[in-house]
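File shown: protein-v8.cif (mmCIF, C-alpha atoms, pLDDT in the B column; chains and numbers go by the auth columns).
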data_structure
#
loop_
_atom_site.group_PDB
_atom_site.id
_atom_site.type_symbol
_atom_site.label_atom_id
_atom_site.label_comp_id
_atom_site.label_asym_id
_atom_site.label_seq_id
_atom_site.Cartn_x
_atom_site.Cartn_y
_atom_site.Cartn_z
_atom_site.B_iso_or_equiv
_atom_site.auth_seq_id
_atom_site.auth_asym_id
ATOM 1 C CA MET A 1 0.000 0.000 0.000 79.00 41 Z
ATOM 2 C CA ALA A 2 2.762 2.437 0.974 81.00 42 Z
ATOM 3 C CA ILE A 3 4.999 1.644 -2.013 86.00 43 Z
ATOM 4 C CA THR A 4 2.195 2.003 -4.574 86.00 44 Z
ATOM 5 C CA GLY A 5 1.064 5.193 -2.811 85.00 45 Z
ATOM 6 C CA LEU A 6 4.540 6.733 -3.057 83.00 46 Z
ATOM 7 C CA PHE A 7 4.734 5.674 -6.697 87.00 47 Z
ATOM 8 C CA LEU A 8 1.416 7.438 -7.397 90.00 48 Z
ATOM 9 C CA VAL A 9 2.619 10.503 -5.469 90.00 49 Z
ATOM 10 C CA THR A 10 5.563 10.706 -7.898 91.00 50 Z
ATOM 11 C CA PHE A 11 3.253 10.301 -10.900 93.00 51 Z
ATOM 12 C CA LEU A 12 1.083 13.198 -9.711 95.00 52 Z
ATOM 13 C CA VAL A 13 4.100 15.530 -9.647 95.00 53 Z
ATOM 14 C CA VAL A 14 4.932 14.613 -13.263 93.00 54 Z
ATOM 15 C CA HIS A 15 1.291 14.934 -14.339 95.00 55 Z
ATOM 16 C CA LEU A 16 0.909 18.327 -12.651 97.00 56 Z
ATOM 17 C CA THR A 17 4.136 19.575 -14.246 96.00 57 Z
ATOM 18 C CA VAL A 18 2.994 18.604 -17.749 96.00 58 Z
ATOM 19 C CA ASN A 19 -0.487 20.078 -17.183 96.00 59 Z
ATOM 20 C CA ALA A 20 1.051 23.322 -15.919 97.00 60 Z
ATOM 21 C CA PHE A 21 2.483 23.805 -19.417 97.00 61 Z
ATOM 22 C CA THR A 22 -1.070 24.714 -20.493 97.00 62 Z
ATOM 23 C CA LEU A 23 -0.602 27.935 -18.506 97.00 63 Z
ATOM 24 C CA VAL A 24 2.487 28.788 -20.577 96.00 64 Z
ATOM 25 C CA SER A 25 1.501 28.044 -24.178 96.00 65 Z
ATOM 26 C CA ALA A 26 -0.489 25.664 -26.341 97.00 66 Z
ATOM 27 C CA GLU A 27 2.640 24.728 -28.282 97.00 67 Z
ATOM 28 C CA LEU A 28 4.623 23.761 -25.185 97.00 68 Z
ATOM 29 C CA PHE A 29 1.792 21.626 -23.811 97.00 69 Z
ATOM 30 C CA ASN A 30 1.172 19.927 -27.162 96.00 70 Z
ATOM 31 C CA GLU A 31 4.897 19.145 -27.481 96.00 71 Z
ATOM 32 C CA ALA A 32 4.964 17.699 -23.954 95.00 72 Z
ATOM 33 C CA ALA A 33 1.801 15.676 -24.632 92.00 73 Z
ATOM 34 C CA HIS A 34 3.287 14.375 -27.893 91.00 74 Z
ATOM 35 C CA PHE A 35 6.484 13.360 -26.090 94.00 75 Z
ATOM 36 C CA MET A 36 4.457 11.542 -23.407 90.00 76 Z
ATOM 37 C CA ALA A 37 2.397 9.776 -26.083 87.00 77 Z
ATOM 38 C CA THR A 38 5.333 8.634 -28.218 90.00 78 Z
ATOM 39 C CA ASN A 39 8.161 7.934 -25.757 92.00 79 Z
ATOM 40 C CA PRO A 40 8.578 4.126 -25.513 93.00 80 Z
ATOM 41 C CA LEU A 41 9.597 4.210 -21.845 93.00 81 Z
ATOM 42 C CA ILE A 42 6.524 6.250 -20.912 90.00 82 Z
ATOM 43 C CA GLN A 43 4.320 3.892 -22.900 89.00 83 Z
ATOM 44 C CA VAL A 44 5.630 0.977 -20.830 92.00 84 Z
ATOM 45 C CA MET A 45 5.233 3.012 -17.631 91.00 85 Z
ATOM 46 C CA GLN A 46 1.530 3.487 -18.418 89.00 86 Z
ATOM 47 C CA TYR A 47 0.993 -0.207 -17.708 91.00 87 Z
ATOM 48 C CA VAL A 48 3.109 0.017 -14.552 92.00 88 Z
ATOM 49 C CA LEU A 49 1.040 3.020 -13.496 90.00 89 Z
ATOM 50 C CA ALA A 50 -2.216 1.173 -14.153 91.00 90 Z
ATOM 51 C CA ALA A 51 -0.947 -1.777 -12.109 93.00 91 Z
ATOM 52 C CA GLY A 52 0.053 0.617 -9.328 91.00 92 Z
ATOM 53 C CA PHE A 53 -3.451 2.088 -9.228 91.00 93 Z
ATOM 54 C CA ILE A 54 -5.094 -1.343 -9.196 92.00 94 Z
ATOM 55 C CA ILE A 55 -2.824 -2.686 -6.445 92.00 95 Z
ATOM 56 C CA HIS A 56 -3.328 0.490 -4.389 91.00 96 Z
ATOM 57 C CA ILE A 57 -7.124 0.270 -4.691 90.00 97 Z
ATOM 58 C CA VAL A 58 -7.261 -3.463 -3.908 90.00 98 Z
ATOM 59 C CA MET A 59 -4.925 -3.053 -0.905 89.00 99 Z
ATOM 60 C CA GLY A 60 -6.954 -0.081 0.353 86.00 100 Z
ATOM 61 C CA ILE A 61 -10.189 -2.074 0.281 88.00 101 Z
ATOM 62 C CA ARG A 62 -8.464 -5.080 1.865 89.00 102 Z
ATOM 63 C CA LEU A 63 -6.977 -3.020 4.710 85.00 103 Z
ATOM 64 C CA THR A 64 -10.326 -1.341 5.377 82.00 104 Z
ATOM 65 C CA LEU A 65 -12.086 -4.715 5.593 86.00 105 Z
ATOM 66 C CA GLN A 66 -9.346 -6.103 7.858 87.00 106 Z
ATOM 67 C CA ASN A 67 -9.633 -3.102 10.174 80.00 107 Z
ATOM 68 C CA ARG A 68 -13.393 -3.473 10.391 79.00 108 Z
ATOM 69 C CA LYS A 69 -13.102 -7.191 11.037 83.00 109 Z
ATOM 70 C CA ALA A 70 -10.536 -6.585 13.789 78.00 110 Z
ATOM 71 C CA ARG A 71 -12.927 -4.167 15.516 70.00 111 Z
ATOM 72 C CA PRO A 72 -16.491 -5.182 14.580 64.00 112 Z
ATOM 73 C CA ASP A 73 -18.048 -3.178 17.446 61.00 113 Z
ATOM 74 C CA ARG A 74 -17.655 0.585 17.484 59.00 114 Z
ATOM 75 C CA TYR A 75 -16.597 2.316 20.674 54.00 115 Z
ATOM 76 C CA ALA A 76 -19.471 3.335 22.974 52.00 116 Z
ATOM 77 C CA MET A 77 -18.035 6.862 23.145 51.00 117 Z
ATOM 78 C CA GLU A 78 -16.092 7.890 20.100 55.00 118 Z
ATOM 79 C CA LYS A 79 -14.313 11.214 19.712 57.00 119 Z
ATOM 80 C CA ALA A 80 -12.649 10.589 16.387 55.00 120 Z
ATOM 81 C CA GLY A 81 -11.707 14.221 15.858 54.00 121 Z
ATOM 82 C CA ALA A 82 -9.634 14.237 19.027 55.00 122 Z
ATOM 83 C CA ASN A 83 -7.625 11.153 18.073 59.00 123 Z
ATOM 84 C CA SER A 84 -7.239 11.297 14.298 71.00 124 Z
ATOM 85 C CA SER A 85 -7.217 13.663 11.335 78.00 125 Z
ATOM 86 C CA LEU A 86 -10.047 14.079 8.845 81.00 126 Z
ATOM 87 C CA GLY A 87 -7.823 12.499 6.198 75.00 127 Z
ATOM 88 C CA SER A 88 -7.157 9.357 8.239 77.00 128 Z
ATOM 89 C CA ARG A 89 -10.858 8.910 9.054 84.00 129 Z
ATOM 90 C CA THR A 90 -11.995 9.302 5.456 87.00 130 Z
ATOM 91 C CA MET A 91 -9.303 7.472 3.477 87.00 131 Z
ATOM 92 C CA ILE A 92 -11.680 4.854 2.037 87.00 132 Z
ATOM 93 C CA GLN A 93 -14.377 7.439 1.214 91.00 133 Z
ATOM 94 C CA THR A 94 -11.993 9.892 -0.428 92.00 134 Z
ATOM 95 C CA GLY A 95 -10.285 6.988 -2.163 91.00 135 Z
ATOM 96 C CA ILE A 96 -13.568 5.803 -3.701 92.00 136 Z
ATOM 97 C CA LEU A 97 -14.486 9.339 -4.787 94.00 137 Z
ATOM 98 C CA VAL A 98 -11.033 9.851 -6.319 93.00 138 Z
ATOM 99 C CA LEU A 99 -11.470 6.530 -8.170 93.00 139 Z
ATOM 100 C CA LEU A 100 -14.807 7.733 -9.597 95.00 140 Z
ATOM 101 C CA PHE A 101 -13.100 10.953 -10.650 95.00 141 Z
ATOM 102 C CA LEU A 102 -10.291 8.954 -12.269 93.00 142 Z
ATOM 103 C CA ILE A 103 -12.845 7.082 -14.382 94.00 143 Z
ATOM 104 C CA ILE A 104 -14.359 10.408 -15.516 95.00 144 Z
ATOM 105 C CA HIS A 105 -10.889 11.810 -16.192 94.00 145 Z
ATOM 106 C CA LEU A 106 -9.857 8.812 -18.302 93.00 146 Z
ATOM 107 C CA ARG A 107 -13.085 9.055 -20.278 94.00 147 Z
ATOM 108 C CA ASN A 108 -12.632 12.793 -20.865 93.00 148 Z
ATOM 109 C CA PHE A 109 -8.940 12.850 -21.768 91.00 149 Z
ATOM 110 C CA PHE A 110 -7.090 9.532 -21.942 89.00 150 Z
ATOM 111 C CA VAL A 111 -9.579 7.629 -24.125 91.00 151 Z
ATOM 112 C CA PRO A 112 -10.054 10.379 -26.752 91.00 152 Z
ATOM 113 C CA ILE A 113 -6.310 11.022 -26.944 86.00 153 Z
ATOM 114 C CA LYS A 114 -5.433 7.301 -27.141 84.00 154 Z
ATOM 115 C CA THR A 115 -8.088 6.529 -29.756 86.00 155 Z
ATOM 116 C CA GLY A 116 -7.539 9.716 -31.751 83.00 156 Z
ATOM 117 C CA ASN A 117 -11.236 10.504 -31.361 86.00 157 Z
ATOM 118 C CA MET A 118 -10.759 14.181 -30.531 87.00 158 Z
ATOM 119 C CA GLY A 119 -12.956 15.761 -33.177 87.00 159 Z
ATOM 120 C CA GLY A 120 -10.007 17.396 -34.926 89.00 160 Z
ATOM 121 C CA MET A 121 -8.779 19.098 -31.731 93.00 161 Z
ATOM 122 C CA ASP A 122 -5.207 19.027 -30.490 94.00 162 Z
ATOM 123 C CA ASP A 123 -4.435 18.124 -26.864 95.00 163 Z
ATOM 124 C CA TYR A 124 -4.427 21.730 -25.666 96.00 164 Z
ATOM 125 C CA THR A 125 -7.784 22.506 -27.281 96.00 165 Z
ATOM 126 C CA LEU A 126 -9.313 19.372 -25.769 95.00 166 Z
ATOM 127 C CA VAL A 127 -8.205 20.472 -22.283 95.00 167 Z
ATOM 128 C CA THR A 128 -9.344 24.076 -22.638 95.00 168 Z
ATOM 129 C CA THR A 129 -12.658 23.098 -24.249 95.00 169 Z
ATOM 130 C CA LEU A 130 -13.585 20.730 -21.423 94.00 170 Z
ATOM 131 C CA PHE A 131 -12.589 23.231 -18.738 95.00 171 Z
ATOM 132 C CA GLY A 132 -14.680 25.828 -20.558 95.00 172 Z
ATOM 133 C CA GLU A 133 -17.722 23.956 -19.201 94.00 173 Z
ATOM 134 C CA TRP A 134 -18.561 25.045 -15.634 95.00 174 Z
ATOM 135 C CA HIS A 135 -19.785 21.610 -14.529 95.00 175 Z
ATOM 136 C CA TYR A 136 -16.543 19.908 -15.613 94.00 176 Z
ATOM 137 C CA THR A 137 -14.508 22.542 -13.818 97.00 177 Z
ATOM 138 C CA LEU A 138 -16.607 22.165 -10.661 97.00 178 Z
ATOM 139 C CA ILE A 139 -16.326 18.355 -10.695 96.00 179 Z
ATOM 140 C CA TYR A 140 -12.581 18.589 -11.199 96.00 180 Z
ATOM 141 C CA VAL A 141 -11.969 21.188 -8.475 97.00 181 Z
ATOM 142 C CA VAL A 142 -14.075 19.283 -5.913 97.00 182 Z
ATOM 143 C CA SER A 143 -12.228 16.096 -6.877 96.00 183 Z
ATOM 144 C CA PHE A 144 -8.852 17.803 -6.475 96.00 184 Z
ATOM 145 C CA VAL A 145 -9.817 18.975 -2.978 96.00 185 Z
ATOM 146 C CA LEU A 146 -10.798 15.401 -2.066 96.00 186 Z
ATOM 147 C CA LEU A 147 -7.524 14.194 -3.582 95.00 187 Z
ATOM 148 C CA GLY A 148 -5.669 16.706 -1.403 95.00 188 Z
ATOM 149 C CA VAL A 149 -7.360 15.377 1.753 94.00 189 Z
ATOM 150 C CA HIS A 150 -6.523 11.813 0.689 93.00 190 Z
ATOM 151 C CA LEU A 151 -2.911 12.718 -0.115 92.00 191 Z
ATOM 152 C CA ASN A 152 -2.297 14.651 3.095 90.00 192 Z
ATOM 153 C CA HIS A 153 -2.826 11.594 5.259 87.00 193 Z
ATOM 154 C CA GLY A 154 -1.635 9.073 2.665 85.00 194 Z
ATOM 155 C CA PHE A 155 1.721 10.791 2.144 84.00 195 Z
ATOM 156 C CA GLN A 156 2.537 10.778 5.858 81.00 196 Z
ATOM 157 C CA SER A 157 1.149 7.287 6.374 81.00 197 Z
ATOM 158 C CA ALA A 158 3.230 5.860 3.520 78.00 198 Z
ATOM 159 C CA PHE A 159 6.466 7.192 5.003 75.00 199 Z
ATOM 160 C CA GLN A 160 5.471 5.856 8.412 74.00 200 Z
ATOM 161 C CA SER A 161 4.763 2.424 6.906 72.00 201 Z
ATOM 162 C CA VAL A 162 8.221 2.220 5.355 66.00 202 Z
ATOM 163 C CA GLY A 163 9.827 3.362 8.627 66.00 203 Z
ATOM 164 C CA TRP A 164 10.759 6.927 7.668 63.00 204 Z
ATOM 165 C CA LYS A 165 8.448 8.698 10.100 58.00 205 Z
ATOM 166 C CA ASP A 166 9.882 8.074 13.534 62.00 206 Z
ATOM 167 C CA ASN A 167 10.023 10.777 16.196 67.00 207 Z
ATOM 168 C CA ARG A 168 13.038 12.439 14.542 70.00 208 Z
ATOM 169 C CA TRP A 169 11.260 12.901 11.214 68.00 209 Z
ATOM 170 C CA LYS A 170 7.611 13.068 12.297 69.00 210 Z
ATOM 171 C CA GLY A 171 7.267 16.854 12.160 75.00 211 Z
ATOM 172 C CA LEU A 172 9.170 17.146 8.882 78.00 212 Z
ATOM 173 C CA MET A 173 7.163 14.408 7.141 77.00 213 Z
ATOM 174 C CA SER A 174 3.872 15.883 8.379 81.00 214 Z
ATOM 175 C CA GLY A 175 4.891 19.313 7.075 87.00 215 Z
ATOM 176 C CA VAL A 176 6.110 17.979 3.731 87.00 216 Z
ATOM 177 C CA GLY A 177 2.908 15.930 3.352 87.00 217 Z
ATOM 178 C CA THR A 178 0.732 18.958 4.007 92.00 218 Z
ATOM 179 C CA VAL A 179 2.692 21.164 1.590 95.00 219 Z
ATOM 180 C CA TYR A 180 2.690 18.420 -1.057 94.00 220 Z
ATOM 181 C CA SER A 181 -1.078 17.867 -0.825 95.00 221 Z
ATOM 182 C CA ILE A 182 -1.793 21.613 -1.013 96.00 222 Z
ATOM 183 C CA VAL A 183 0.534 22.095 -4.000 97.00 223 Z
ATOM 184 C CA VAL A 184 -0.949 19.144 -5.927 97.00 224 Z
ATOM 185 C CA ALA A 185 -4.614 19.862 -5.156 97.00 225 Z
ATOM 186 C CA GLY A 186 -4.136 23.612 -5.525 97.00 226 Z
ATOM 187 C CA GLY A 187 -2.071 23.289 -8.697 97.00 227 Z
ATOM 188 C CA PHE A 188 -4.574 21.096 -10.518 97.00 228 Z
ATOM 189 C CA SER A 189 -7.451 23.293 -9.300 97.00 229 Z
ATOM 190 C CA LEU A 190 -5.679 26.450 -10.467 97.00 230 Z
ATOM 191 C CA ILE A 191 -5.211 24.989 -13.955 97.00 231 Z
ATOM 192 C CA ALA A 192 -8.896 24.031 -14.211 97.00 232 Z
ATOM 193 C CA ILE A 193 -10.143 27.398 -12.911 97.00 233 Z
ATOM 194 C CA TYR A 194 -7.725 29.361 -15.106 97.00 234 Z
ATOM 195 C CA HIS A 195 -8.962 27.660 -18.272 97.00 235 Z
ATOM 196 C CA PHE A 196 -12.574 28.128 -17.201 97.00 236 Z
ATOM 197 C CA LEU A 197 -12.059 31.866 -16.668 96.00 237 Z
ATOM 198 C CA PHE A 198 -9.728 32.545 -19.589 92.00 238 Z
#
This structure in structure tokens:
Amino acid sequence: MAITGLFLVTFLVVHLTVNAFTLVSAELFNEAAHFMATNPLIQVMQYVLAAGFIIHIVMGIRLTLQNRKARPDRYAMEKAGANSSLGSRTMIQTGILVLLFLIIHLRNFFVPIKTGNMGGMDDYTLVTTLFGEWHYTLIYVVSFVLLGVHLNHGFQSAFQSVGWKDNRWKGLMSGVGTVYSIVVAGGFSLIAIYHFLF
């Protein structure tokens, strides 16, 4: 779970970087998209990425079921907010919602680009056209916020699972996780809102 999570964290940085090119110029983004679509190594990594997502989802569901089985009865008095963060309490819910968003995202972008069924548009025009619709922008921004909540806890939890979040590093990892989740969620949201407004 931790290893696939850290792998996906790395992917999100790359994806955000490429998408940020849409804020610079259509030509730069189209060149980056063409490179991503034609580079043999990246084509192989798409399958690795898909496997990473599937393993992460399956492990997440499995861990949730194991936790519920280990504690079938809820506490008589539960003050979850005092003992855990919102992100840790909602990992399965935000994970499911992010998965639903991923399906929408693949349908909107990946499938048309892969099949060449883009109605004569280039990659940049496809992105800006979809974000020109208010409901797409709203769905994406809400999904990015949920992703940020999921990432904030997941980032820290992954480092703890691999043994890199002991007392010496706890504060640093928590801070880095929070900054990372804000940058990723905020960055993707900014791109969507920018193209909706301009």
Checklist entry - Skipping near chain neighbours, those fewer than 4 positions away, what residues fall within 12 Å of Leu126 (chain Z) using all atoms listed in the file, listed as a list of chain:residue names? => result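 Final neighbour list, sorted by chain and number: Z:Ala120, Z:Gly121, Z:Ala122, Z:Thr130, Z:Met131, Z:Ile132, Z:Gln133, Z:Thr134, Z:Leu186, Z:Gly188, Z:Val189, Z:His190, Z:Leu191, Z:Asn192, Z:His193, Z:Gly194.
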Item to check | region 197-202 of chain Z surroundings by only C-alpha atoms, 7 Å radius, close-in-sequence under 6 positions cut, as number ranges by chain | outcome: Z: 42, 45-46
Output file for the selection above: C-alpha atoms, as a PDB file, in the coordinates of the input:
ATOM      1  CA  ALA Z  42       2.762   2.437   0.974  1.00 81.00           C
ATOM      2  CA  GLY Z  45       1.064   5.193  -2.811  1.00 85.00           C
ATOM      3  CA  LEU Z  46       4.540   6.733  -3.057  1.00 83.00           C
TER       4      LEU Z  46
END
Checklist outcome for this item: Across Z:Phe51, Z:Phe75, Z:Phe61, Z:Phe93, the smallest distance to Val167 (chain Z), with all atoms listed in the file counted, is shown by Z:Phe61
Item to check | Of the listed residues Z:Leu166, Z:Leu230, Z:Ala90, Z:Leu68, that which approaches Ile153 (chain Z) most closely, counting all atoms listed in the file | outcome: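 Of Z:Leu166, Z:Leu230, Z:Ala90, Z:Leu68, the one nearest Ile153 (chain Z), counting all atoms listed in the file, is Z:Leu166.
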Next on the checklist: Calculated over only C-alpha atoms, which of the candidates Z:Val181, Z:His74, Z:Val88, Z:Ser65 has the smallest distance to Thr44 (chain Z)?
Outcome noted: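 Nearest to Thr44 (chain Z): Z:Val88.
Distance annotation: of Z:Ile95, Z:Val216, Z:Leu63, Z:Val151, the residue with the minimal separation from Ile233 (chain Z) is Z:Leu63; atom set is only C-alpha atoms.
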Please return the centre and edge lengths, in Å to one decimal, of a box with edges along x, y and z that contains all listed atoms of region 157-172 of chain Z, widened by 5 Å on every side, as AutoDock Vina command-line options.
--center_x -9.6 --center_y 18.2 --center_z -26.8 --size_x 20.3 --size_y 25.3 --size_z 26.2
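For the file at hand, the PyMOL selection byres ((chain Z and resi 69) around 12) resolves to Z:His55, Z:Leu56, Z:Thr57, Z:Val58, Z:Asn59, Z:Ala60, Z:Phe61, Z:Thr62, Z:Leu63, Z:Val64, Z:Ser65, Z:Ala66, Z:Glu67, Z:Leu68, Z:Asn70, Z:Glu71, Z:Ala72, Z:Ala73, Z:His74, Z:Phe75, Z:Met76, Z:Asp162, Z:Asp163, Z:Tyr164, Z:Thr165, Z:Leu166, Z:Val167, Z:Thr168.
For the pair CA of Gly226 (chain Z) and CA of Met85 (chain Z), the interatomic distance is 25.7 Å.
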Item to check | Among the residues Z:Leu81, Z:Leu48, Z:Leu237, Z:Val98, the one that comes closest to Glu173 (chain Z) [using all atoms listed in the file] | outcome: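 Among the listed residues, Z:Leu237 lies closest to Glu173 (chain Z).
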Checklist entry - Selected by the PyMOL selection byres ((chain Z and resi 141) around 12) in the shown coordinates: which residues, as a PyMOL selection string? => result chain Z and resi 134-140+142-148+176+178-187
Write a file of the selected residues as a compact mmCIF listing (two decimals), in the coordinates of the input, keeping C-alpha atoms.
# COMPACT_ATOMS: atom_id res chain seq x y z
CA THR Z 134 -11.99 9.89 -0.43
CA GLY Z 135 -10.28 6.99 -2.16
CA ILE Z 136 -13.57 5.80 -3.70
CA LEU Z 137 -14.49 9.34 -4.79
CA VAL Z 138 -11.03 9.85 -6.32
CA LEU Z 139 -11.47 6.53 -8.17
CA LEU Z 140 -14.81 7.73 -9.60
CA LEU Z 142 -10.29 8.95 -12.27
CA ILE Z 143 -12.84 7.08 -14.38
CA ILE Z 144 -14.36 10.41 -15.52
CA HIS Z 145 -10.89 11.81 -16.19
CA LEU Z 146 -9.86 8.81 -18.30
CA ARG Z 147 -13.08 9.06 -20.28
CA ASN Z 148 -12.63 12.79 -20.86
CA TYR Z 176 -16.54 19.91 -15.61
CA LEU Z 178 -16.61 22.16 -10.66
CA ILE Z 179 -16.33 18.36 -10.70
CA TYR Z 180 -12.58 18.59 -11.20
CA VAL Z 181 -11.97 21.19 -8.48
CA VAL Z 182 -14.08 19.28 -5.91
CA SER Z 183 -12.23 16.10 -6.88
CA PHE Z 184 -8.85 17.80 -6.48
CA VAL Z 185 -9.82 18.98 -2.98
CA LEU Z 186 -10.80 15.40 -2.07
CA LEU Z 187 -7.52 14.19 -3.58
